[in-house]
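Trainee: Have a look at the structure that comes next, please.
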Amino acid sequence: MNPPASVDAILDAWGLPRPRVTSRAEGGYQNTTLFVTCAAGEFVLRLYSNVVDPARQRFEHELLGRLASAELSFAVPRPLPSDDGDTLRVVDGRLAVLFARIPGETLAKDGGPYVGRAAAALAELDIALGALREFEHRPPIFDGDLTRVHLLADDLDEAVAEAGLEPDFRNALRGGLERTAELAVPLYASLPQQVTHGDFAFGNTLVRNGRVTGLIDFEVAGIDVRAMDMAVGLYRFPAYEDSLGQCDIFGQGYSTVLPLDPTEIAAIPALLELRAGVSLLHWIGRMRAGLATIEEVRPRARRALLTYDWVQDHGEELVRRAIGWIGDRAL
């Protein structure tokens with residue numbers, strides 16, 4: 001693929017020699033990610049959309065810089081300085097960053113045989129994140145308030161009305177969101193908080209030769225309850241046929257490295273529901289901003305309903321199993 005002139009101008013700001021070969025990375029819905037190959041090596045170019053104030057990206061780059069010295073068993077993205085020394089540049093009106101490419105291939109959406117190893121890598125990352133204090137750039141903070149997930153989605157009733165569901169499903173969705181909003185207040189008052197990755201996915205996990213080589217996509221990293229990273233990892237499994245079995249594999253992999261305390265374990269079902277609400281309201285906000293369609297929002301609404309139903313049916317069993325993940329390690 002020959003890059004358009006604007007991409008060439010952006011890459012010139014990092015001094016990458018021509019000719020260059022670029023290809024678009026799969027996934028991603030908010031920004032554009034391109035793989036770049038040239039005589040200087042292999043890189044990843046991220047082009048941001050709809051960013052007015054790059055404060056979040058400034059924090060992300062500071063966080064990644066500090067993680068670089070954390071002696072992790074895998075790599076995290078490394079933002080490279082452009083020709084003016086800054087890792088963030090605006091060229092032709094586009095905010096851009098260039099990363100060194102981490103060797104490895106992204107996992108399949110279900111994690112395949114790497115579910116436990118990916119979970120262990122996430123736990124290792126959470127230990128490193130928990131040791132970080134006093135940032136120069138203020139971390140984003142999530143306090144569990146669903147009305148503050150997106151600036152354009154601050155009314156739960158109106159959001160549910162726009163989710164594209166039939167009336168009976170709308171009522172169930174509203175009830176789930178209201179219950180989740182009530183649970184979030186005591187949860188966030190009682191659970192340990194720290195910087196979290198916030199967006200774990202198997203598609204954000206790189207592997208090669210049987211081992212995890214990298215965790216990527218730190219765009220939503222910020223202060224949250226520590227156990228939310230595990231909940232985000234578990235969030236995909238209610239849609240699976242062997243949902244509790246997959247939760248076991250992931251939870252055991254994570255807990256072998258970082259056993260959560262019993263209060264965090266007890267909160268996992270509520271955090272799964274909270275994750276469902278956060279995802280839905282984020283997409284409704286994007287739709288109101290003209291960045292998503294109802295066809296993209298409706299599956300998130302159905303996913304939230306599935307999660308609420310699954311937690312009601314299996315939440316207690318999940319906690320019983322999760323106590324087994326930590327054994328005596330966190331007691």
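Every chain in the structure tokens takes a letter, A first, then B, and so on in the order presented; its residues are numbered from 1, and the ligands are numbered from 1 following the presented order.
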From a DSSP calculation on the backbone, collect every residue of region 95-241 of chain A in alpha helix (DSSP H) and output the set as number ranges by chain.
Mentor: A: 115-130, 156-161, 167-190, 228-234
Trainee: Okay, now the selection with N, CA and C atoms, as a compact mmCIF listing (two decimals), in the first residue's frame?
Mentor:
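Wrote selection_30.txt, looks like this:
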# COMPACT_ATOMS: atom_id res chain seq x y z
N VAL A 115 -5.33 -18.29 26.80
CA VAL A 115 -6.17 -17.56 27.75
C VAL A 115 -5.47 -17.37 29.08
N GLY A 116 -4.95 -18.45 29.64
CA GLY A 116 -4.30 -18.36 30.94
C GLY A 116 -3.02 -17.53 30.90
N ARG A 117 -2.22 -17.68 29.83
CA ARG A 117 -0.97 -16.93 29.74
C ARG A 117 -1.23 -15.44 29.54
N ALA A 118 -2.26 -15.12 28.77
CA ALA A 118 -2.61 -13.71 28.60
C ALA A 118 -3.08 -13.11 29.92
N ALA A 119 -3.86 -13.86 30.68
CA ALA A 119 -4.32 -13.38 31.98
C ALA A 119 -3.16 -13.16 32.93
N ALA A 120 -2.19 -14.06 32.90
CA ALA A 120 -1.01 -13.90 33.76
C ALA A 120 -0.22 -12.65 33.39
N ALA A 121 -0.12 -12.37 32.08
CA ALA A 121 0.57 -11.15 31.65
C ALA A 121 -0.17 -9.91 32.14
N LEU A 122 -1.49 -9.92 32.08
CA LEU A 122 -2.27 -8.79 32.58
C LEU A 122 -2.03 -8.59 34.07
N ALA A 123 -1.99 -9.68 34.83
CA ALA A 123 -1.73 -9.57 36.27
C ALA A 123 -0.34 -9.00 36.53
N GLU A 124 0.64 -9.44 35.75
CA GLU A 124 2.00 -8.90 35.90
C GLU A 124 2.00 -7.40 35.62
N LEU A 125 1.26 -7.00 34.59
CA LEU A 125 1.15 -5.57 34.30
C LEU A 125 0.50 -4.82 35.45
N ASP A 126 -0.55 -5.38 36.03
CA ASP A 126 -1.25 -4.70 37.12
C ASP A 126 -0.36 -4.52 38.34
N ILE A 127 0.52 -5.48 38.60
CA ILE A 127 1.48 -5.32 39.70
C ILE A 127 2.38 -4.11 39.42
N ALA A 128 2.88 -4.03 38.19
CA ALA A 128 3.75 -2.91 37.83
C ALA A 128 3.00 -1.58 37.89
N LEU A 129 1.77 -1.56 37.41
CA LEU A 129 0.97 -0.33 37.44
C LEU A 129 0.68 0.10 38.88
N GLY A 130 0.45 -0.87 39.75
CA GLY A 130 0.14 -0.55 41.14
C GLY A 130 1.30 0.07 41.88
N LEU A 156 -29.44 8.27 31.83
CA LEU A 156 -29.60 6.84 31.59
C LEU A 156 -30.91 6.52 30.89
N ASP A 157 -32.00 7.19 31.28
CA ASP A 157 -33.29 6.91 30.65
C ASP A 157 -33.27 7.24 29.16
N GLU A 158 -32.74 8.40 28.83
CA GLU A 158 -32.67 8.78 27.42
C GLU A 158 -31.73 7.86 26.64
N ALA A 159 -30.64 7.45 27.29
CA ALA A 159 -29.69 6.55 26.63
C ALA A 159 -30.35 5.22 26.30
N VAL A 160 -31.10 4.68 27.25
CA VAL A 160 -31.79 3.41 27.01
C VAL A 160 -32.79 3.55 25.88
N ALA A 161 -33.50 4.68 25.82
CA ALA A 161 -34.49 4.89 24.78
C ALA A 161 -33.86 4.91 23.40
N PRO A 167 -39.50 -2.60 23.42
CA PRO A 167 -39.91 -2.07 24.74
C PRO A 167 -39.59 -2.98 25.92
N ASP A 168 -39.88 -4.27 25.82
CA ASP A 168 -39.60 -5.17 26.95
C ASP A 168 -38.11 -5.21 27.27
N PHE A 169 -37.30 -5.24 26.25
CA PHE A 169 -35.86 -5.27 26.46
C PHE A 169 -35.36 -3.93 27.01
N ARG A 170 -36.00 -2.83 26.58
CA ARG A 170 -35.61 -1.53 27.11
C ARG A 170 -35.84 -1.46 28.62
N ASN A 171 -36.96 -2.00 29.07
CA ASN A 171 -37.25 -1.99 30.50
C ASN A 171 -36.21 -2.81 31.27
N ALA A 172 -35.84 -3.96 30.73
CA ALA A 172 -34.84 -4.80 31.40
C ALA A 172 -33.49 -4.09 31.41
N LEU A 173 -33.16 -3.43 30.32
CA LEU A 173 -31.88 -2.73 30.24
C LEU A 173 -31.85 -1.57 31.23
N ARG A 174 -32.95 -0.83 31.32
CA ARG A 174 -33.01 0.28 32.26
C ARG A 174 -32.84 -0.23 33.69
N GLY A 175 -33.51 -1.33 34.01
CA GLY A 175 -33.37 -1.90 35.36
C GLY A 175 -31.95 -2.32 35.66
N GLY A 176 -31.28 -2.91 34.67
CA GLY A 176 -29.90 -3.32 34.88
C GLY A 176 -28.98 -2.14 35.09
N LEU A 177 -29.15 -1.10 34.30
CA LEU A 177 -28.30 0.08 34.45
C LEU A 177 -28.55 0.77 35.80
N GLU A 178 -29.80 0.85 36.21
CA GLU A 178 -30.11 1.50 37.48
C GLU A 178 -29.51 0.71 38.64
N ARG A 179 -29.62 -0.61 38.59
CA ARG A 179 -29.04 -1.44 39.65
C ARG A 179 -27.52 -1.27 39.68
N THR A 180 -26.92 -1.25 38.51
CA THR A 180 -25.47 -1.10 38.43
C THR A 180 -25.02 0.24 38.98
N ALA A 181 -25.76 1.30 38.64
CA ALA A 181 -25.40 2.64 39.12
C ALA A 181 -25.45 2.70 40.65
N GLU A 182 -26.42 2.03 41.26
CA GLU A 182 -26.52 2.02 42.72
C GLU A 182 -25.39 1.24 43.36
N LEU A 183 -25.01 0.11 42.74
CA LEU A 183 -23.93 -0.72 43.31
C LEU A 183 -22.57 -0.05 43.20
N ALA A 184 -22.39 0.79 42.18
CA ALA A 184 -21.07 1.36 41.92
C ALA A 184 -20.59 2.26 43.05
N VAL A 185 -21.48 2.98 43.68
CA VAL A 185 -21.08 3.92 44.74
C VAL A 185 -20.39 3.22 45.89
N PRO A 186 -21.01 2.21 46.53
CA PRO A 186 -20.29 1.53 47.62
C PRO A 186 -19.07 0.75 47.16
N LEU A 187 -19.11 0.22 45.93
CA LEU A 187 -17.95 -0.50 45.41
C LEU A 187 -16.72 0.40 45.35
N TYR A 188 -16.90 1.56 44.77
CA TYR A 188 -15.75 2.45 44.58
C TYR A 188 -15.31 3.10 45.88
N ALA A 189 -16.14 3.05 46.89
CA ALA A 189 -15.74 3.57 48.19
C ALA A 189 -14.93 2.55 48.98
N SER A 190 -15.00 1.27 48.57
CA SER A 190 -14.40 0.23 49.41
C SER A 190 -13.26 -0.55 48.76
N MET A 228 -11.06 -4.12 38.30
CA MET A 228 -11.73 -3.91 37.03
C MET A 228 -10.95 -4.52 35.88
N ASP A 229 -9.62 -4.56 35.95
CA ASP A 229 -8.87 -5.19 34.86
C ASP A 229 -9.23 -6.66 34.72
N MET A 230 -9.37 -7.37 35.85
CA MET A 230 -9.81 -8.76 35.75
C MET A 230 -11.23 -8.83 35.20
N ALA A 231 -12.11 -7.94 35.66
CA ALA A 231 -13.49 -7.95 35.18
C ALA A 231 -13.55 -7.71 33.67
N VAL A 232 -12.73 -6.79 33.18
CA VAL A 232 -12.69 -6.53 31.74
C VAL A 232 -12.25 -7.79 31.00
N GLY A 233 -11.28 -8.51 31.56
CA GLY A 233 -10.85 -9.75 30.94
C GLY A 233 -11.94 -10.81 30.93
N LEU A 234 -12.72 -10.89 32.00
CA LEU A 234 -13.77 -11.89 32.11
C LEU A 234 -15.02 -11.52 31.30
Trainee: Give me, as a list of chain:residue names, all polymer residues having an atom no more than 10 Å from Pro299 (chain A), counting only C-alpha atoms and skipping those fewer than 4 positions away in the same chain.
Mentor: A:Ala163, A:Gly164, A:Leu165, A:Leu280, A:Ile294, A:Glu295, A:Arg303, A:Ala304, A:Leu305
Trainee: Put those residues in a file: N, CA, C and O atoms, as a PDB file, in the first residue's frame.
Mentor:
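Written file, again_29.pdb:
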ATOM      1  N   ALA A 163     -31.176   3.083  22.516  1.00  0.00           N
ATOM      2  CA  ALA A 163     -30.334   1.901  22.301  1.00  0.00           C
ATOM      3  C   ALA A 163     -30.858   0.972  21.222  1.00  0.00           C
ATOM      4  O   ALA A 163     -30.194  -0.011  20.884  1.00  0.00           O
ATOM      5  N   GLY A 164     -32.053   1.246  20.690  1.00  0.00           N
ATOM      6  CA  GLY A 164     -32.542   0.466  19.562  1.00  0.00           C
ATOM      7  C   GLY A 164     -33.154  -0.863  19.914  1.00  0.00           C
ATOM      8  O   GLY A 164     -33.244  -1.750  19.059  1.00  0.00           O
ATOM      9  N   LEU A 165     -33.625  -1.025  21.162  1.00  0.00           N
ATOM     10  CA  LEU A 165     -34.216  -2.287  21.591  1.00  0.00           C
ATOM     11  C   LEU A 165     -35.739  -2.196  21.656  1.00  0.00           C
ATOM     12  O   LEU A 165     -36.316  -1.107  21.764  1.00  0.00           O
ATOM     13  N   LEU A 280     -21.779   0.261  26.876  1.00  0.00           N
ATOM     14  CA  LEU A 280     -22.979   0.728  26.198  1.00  0.00           C
ATOM     15  C   LEU A 280     -23.043   2.253  26.164  1.00  0.00           C
ATOM     16  O   LEU A 280     -23.292   2.855  25.108  1.00  0.00           O
ATOM     17  N   ILE A 294     -26.616   3.349  14.935  1.00  0.00           N
ATOM     18  CA  ILE A 294     -27.451   2.505  15.779  1.00  0.00           C
ATOM     19  C   ILE A 294     -27.121   1.029  15.575  1.00  0.00           C
ATOM     20  O   ILE A 294     -27.245   0.217  16.496  1.00  0.00           O
ATOM     21  N   GLU A 295     -26.645   0.678  14.374  1.00  0.00           N
ATOM     22  CA  GLU A 295     -26.251  -0.721  14.122  1.00  0.00           C
ATOM     23  C   GLU A 295     -25.039  -1.120  14.952  1.00  0.00           C
ATOM     24  O   GLU A 295     -24.820  -2.317  15.208  1.00  0.00           O
ATOM     25  N   ARG A 303     -25.591  -7.020  24.367  1.00  0.00           N
ATOM     26  CA  ARG A 303     -24.496  -7.605  25.155  1.00  0.00           C
ATOM     27  C   ARG A 303     -24.648  -7.240  26.629  1.00  0.00           C
ATOM     28  O   ARG A 303     -24.387  -8.064  27.517  1.00  0.00           O
ATOM     29  N   ALA A 304     -25.051  -6.001  26.908  1.00  0.00           N
ATOM     30  CA  ALA A 304     -25.271  -5.599  28.301  1.00  0.00           C
ATOM     31  C   ALA A 304     -26.378  -6.438  28.918  1.00  0.00           C
ATOM     32  O   ALA A 304     -26.240  -6.933  30.054  1.00  0.00           O
ATOM     33  N   LEU A 305     -27.482  -6.643  28.195  1.00  0.00           N
ATOM     34  CA  LEU A 305     -28.572  -7.462  28.717  1.00  0.00           C
ATOM     35  C   LEU A 305     -28.116  -8.890  28.976  1.00  0.00           C
ATOM     36  O   LEU A 305     -28.451  -9.489  30.002  1.00  0.00           O
TER      37      LEU A 305
END
Trainee: In terms of the shortest atom-to-atom distance over only C-alpha atoms, which of A:Phe218, A:Tyr114, A:Phe59, A:Phe74 is closest to Glu136 (chain A)?
Mentor: A:Phe59
Trainee: Write out as an NGL selection string the set of residues from region 85-222 of chain A that DSSP, computed on the backbone, places in strand (DSSP E).
Mentor: :A and (89-91 or 94-100 or 105-106 or 193-196 or 205-208 or 211-215 or 222)
Trainee: Put those residues in a file: N, CA and C atoms, as a PDB file, in the first residue's frame.
Mentor:
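And here is the file that came out, again00.pdb:
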ATOM      1  N   ARG A  89       2.774  14.640  17.734  1.00  0.00           N
ATOM      2  CA  ARG A  89       2.904  15.691  16.726  1.00  0.00           C
ATOM      3  C   ARG A  89       1.567  15.904  16.017  1.00  0.00           C
ATOM      4  N   VAL A  90       1.294  17.131  15.672  1.00  0.00           N
ATOM      5  CA  VAL A  90       0.163  17.446  14.812  1.00  0.00           C
ATOM      6  C   VAL A  90       0.727  17.818  13.452  1.00  0.00           C
ATOM      7  N   VAL A  91       0.398  16.996  12.446  1.00  0.00           N
ATOM      8  CA  VAL A  91       0.868  17.222  11.078  1.00  0.00           C
ATOM      9  C   VAL A  91      -0.352  17.182  10.164  1.00  0.00           C
ATOM     10  N   ARG A  94      -3.586  16.327  11.852  1.00  0.00           N
ATOM     11  CA  ARG A  94      -3.789  15.032  12.505  1.00  0.00           C
ATOM     12  C   ARG A  94      -2.805  14.861  13.646  1.00  0.00           C
ATOM     13  N   LEU A  95      -3.336  14.515  14.811  1.00  0.00           N
ATOM     14  CA  LEU A  95      -2.484  14.173  15.944  1.00  0.00           C
ATOM     15  C   LEU A  95      -1.940  12.772  15.715  1.00  0.00           C
ATOM     16  N   ALA A  96      -0.626  12.618  15.818  1.00  0.00           N
ATOM     17  CA  ALA A  96       0.000  11.351  15.460  1.00  0.00           C
ATOM     18  C   ALA A  96       1.059  10.961  16.478  1.00  0.00           C
ATOM     19  N   VAL A  97       1.298   9.647  16.568  1.00  0.00           N
ATOM     20  CA  VAL A  97       2.379   9.118  17.383  1.00  0.00           C
ATOM     21  C   VAL A  97       2.953   7.915  16.662  1.00  0.00           C
ATOM     22  N   LEU A  98       4.251   7.719  16.779  1.00  0.00           N
ATOM     23  CA  LEU A  98       4.925   6.582  16.166  1.00  0.00           C
ATOM     24  C   LEU A  98       5.506   5.696  17.264  1.00  0.00           C
ATOM     25  N   PHE A  99       5.208   4.399  17.171  1.00  0.00           N
ATOM     26  CA  PHE A  99       5.720   3.423  18.128  1.00  0.00           C
ATOM     27  C   PHE A  99       6.683   2.472  17.421  1.00  0.00           C
ATOM     28  N   ALA A 100       7.657   1.981  18.159  1.00  0.00           N
ATOM     29  CA  ALA A 100       8.427   0.835  17.674  1.00  0.00           C
ATOM     30  C   ALA A 100       7.506  -0.380  17.667  1.00  0.00           C
ATOM     31  N   GLU A 105       2.184 -11.676  17.066  1.00  0.00           N
ATOM     32  CA  GLU A 105       0.901 -11.634  16.377  1.00  0.00           C
ATOM     33  C   GLU A 105      -0.200 -11.525  17.423  1.00  0.00           C
ATOM     34  N   THR A 106      -1.258 -10.786  17.084  1.00  0.00           N
ATOM     35  CA  THR A 106      -2.369 -10.655  18.033  1.00  0.00           C
ATOM     36  C   THR A 106      -3.107 -11.983  18.161  1.00  0.00           C
ATOM     37  N   GLN A 193      -7.823   0.968  44.634  1.00  0.00           N
ATOM     38  CA  GLN A 193      -7.745   1.639  43.345  1.00  0.00           C
ATOM     39  C   GLN A 193      -6.293   1.884  42.959  1.00  0.00           C
ATOM     40  N   GLN A 194      -6.066   1.924  41.667  1.00  0.00           N
ATOM     41  CA  GLN A 194      -4.727   2.169  41.123  1.00  0.00           C
ATOM     42  C   GLN A 194      -4.875   2.465  39.638  1.00  0.00           C
ATOM     43  N   VAL A 195      -3.767   2.719  38.960  1.00  0.00           N
ATOM     44  CA  VAL A 195      -3.799   2.808  37.500  1.00  0.00           C
ATOM     45  C   VAL A 195      -4.065   1.414  36.939  1.00  0.00           C
ATOM     46  N   THR A 196      -4.987   1.328  35.992  1.00  0.00           N
ATOM     47  CA  THR A 196      -5.283   0.066  35.321  1.00  0.00           C
ATOM     48  C   THR A 196      -5.130   0.231  33.817  1.00  0.00           C
ATOM     49  N   THR A 205      -3.218  -8.434  22.809  1.00  0.00           N
ATOM     50  CA  THR A 205      -2.169  -9.293  23.352  1.00  0.00           C
ATOM     51  C   THR A 205      -1.372  -9.893  22.204  1.00  0.00           C
ATOM     52  N   LEU A 206      -0.058  -9.722  22.234  1.00  0.00           N
ATOM     53  CA  LEU A 206       0.815 -10.239  21.190  1.00  0.00           C
ATOM     54  C   LEU A 206       1.543 -11.481  21.686  1.00  0.00           C
ATOM     55  N   VAL A 207       1.667 -12.474  20.814  1.00  0.00           N
ATOM     56  CA  VAL A 207       2.373 -13.711  21.164  1.00  0.00           C
ATOM     57  C   VAL A 207       3.301 -14.109  20.030  1.00  0.00           C
ATOM     58  N   ARG A 208       4.347 -14.830  20.403  1.00  0.00           N
ATOM     59  CA  ARG A 208       5.250 -15.414  19.412  1.00  0.00           C
ATOM     60  C   ARG A 208       6.000 -16.556  20.077  1.00  0.00           C
ATOM     61  N   ARG A 211       4.891 -17.655  23.680  1.00  0.00           N
ATOM     62  CA  ARG A 211       4.900 -16.777  24.853  1.00  0.00           C
ATOM     63  C   ARG A 211       4.322 -15.413  24.505  1.00  0.00           C
ATOM     64  N   VAL A 212       3.829 -14.743  25.525  1.00  0.00           N
ATOM     65  CA  VAL A 212       3.306 -13.394  25.345  1.00  0.00           C
ATOM     66  C   VAL A 212       4.476 -12.436  25.167  1.00  0.00           C
ATOM     67  N   THR A 213       4.462 -11.694  24.061  1.00  0.00           N
ATOM     68  CA  THR A 213       5.563 -10.758  23.788  1.00  0.00           C
ATOM     69  C   THR A 213       5.173  -9.304  24.036  1.00  0.00           C
ATOM     70  N   GLY A 214       3.877  -9.011  24.115  1.00  0.00           N
ATOM     71  CA  GLY A 214       3.494  -7.626  24.323  1.00  0.00           C
ATOM     72  C   GLY A 214       2.036  -7.463  24.709  1.00  0.00           C
ATOM     73  N   LEU A 215       1.750  -6.424  25.486  1.00  0.00           N
ATOM     74  CA  LEU A 215       0.394  -5.938  25.719  1.00  0.00           C
ATOM     75  C   LEU A 215       0.344  -4.513  25.178  1.00  0.00           C
ATOM     76  N   GLY A 222      -5.968   4.515  33.240  1.00  0.00           N
ATOM     77  CA  GLY A 222      -6.228   5.560  34.227  1.00  0.00           C
ATOM     78  C   GLY A 222      -6.547   4.939  35.567  1.00  0.00           C
TER      79      GLY A 222
END
Trainee: Rounded to one decimal in Å, what is the spacing between CA of Leu318 (chain A) and CA of Leu244 (chain A)?
Mentor: 6.9 Å
Trainee: Quick one: pull the distance between CA of Thr307 (chain A) and CA of Phe142 (chain A), Å, one decimal.
Mentor: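 Going from CA of Thr307 (chain A) over to CA of Phe142 (chain A) covers 20.8 Å.
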Trainee: I'd like the neighbourhood of Leu260 (chain A) as a list of chain:residue names, where a residue qualifies if any of its atoms comes within 10 Å (using only C-alpha atoms), though same-chain residues fewer than 4 positions away should be ignored.
Mentor: A:Ala123, A:Pro192, A:Arg226, A:Ala227, A:Met230, A:Tyr254, A:Ser255, A:Thr256, A:Glu264, A:Ile265, A:Ala266, A:Ala322, A:Ile323, A:Trp325, A:Ile326, A:Arg329, A:Ala330, A:Leu331
Trainee: Work out how far CA of Ile223 (chain A) is from CA of Asp143 (chain A), in Å to one decimal.
Mentor: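 Between these atoms lies a distance of 8.4 Å.
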Trainee: Rank nothing, just name the residue among A:Asp309, A:Asp8, A:Glu219, A:Asp224 nearest to Pro54 (chain A), using only C-alpha atoms.
Mentor: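 Smallest distance to Pro54 (chain A) is found for A:Glu219.
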Trainee: With a distance cut-off of 10 Å and only C-alpha atoms, select the neighbouring residues of Leu67 (chain A), excluding the residue or stretch itself and same-chain residues fewer than 2 positions from it, and output the selection as a PyMOL selection string.
Mentor: chain A and resi 61-65+69-72+75-78+125+128-129+132
Trainee: Selected residues, C-alpha atoms, written as a tab-separated table (two decimals), in the first residue's frame, please.
Mentor:
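Listing of again.tsv after writing:
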chain	number	residue	atom	x	y	z
A	61	HIS	CA	3.07	8.34	27.00
A	62	GLU	CA	4.34	9.14	30.48
A	63	LEU	CA	2.87	5.86	31.73
A	64	LEU	CA	4.47	3.85	28.93
A	65	GLY	CA	7.82	5.52	29.57
A	69	SER	CA	11.82	0.30	33.22
A	70	ALA	CA	9.49	-2.05	35.10
A	71	GLU	CA	11.29	-5.25	33.99
A	72	LEU	CA	8.15	-6.86	32.62
A	75	ALA	CA	6.99	-5.38	25.99
A	76	VAL	CA	4.61	-2.44	26.09
A	77	PRO	CA	4.37	0.19	23.33
A	78	ARG	CA	7.31	2.61	23.12
A	125	LEU	CA	1.15	-5.57	34.30
A	128	ALA	CA	3.75	-2.91	37.83
A	129	LEU	CA	0.97	-0.33	37.44
A	132	LEU	CA	3.52	3.74	40.08
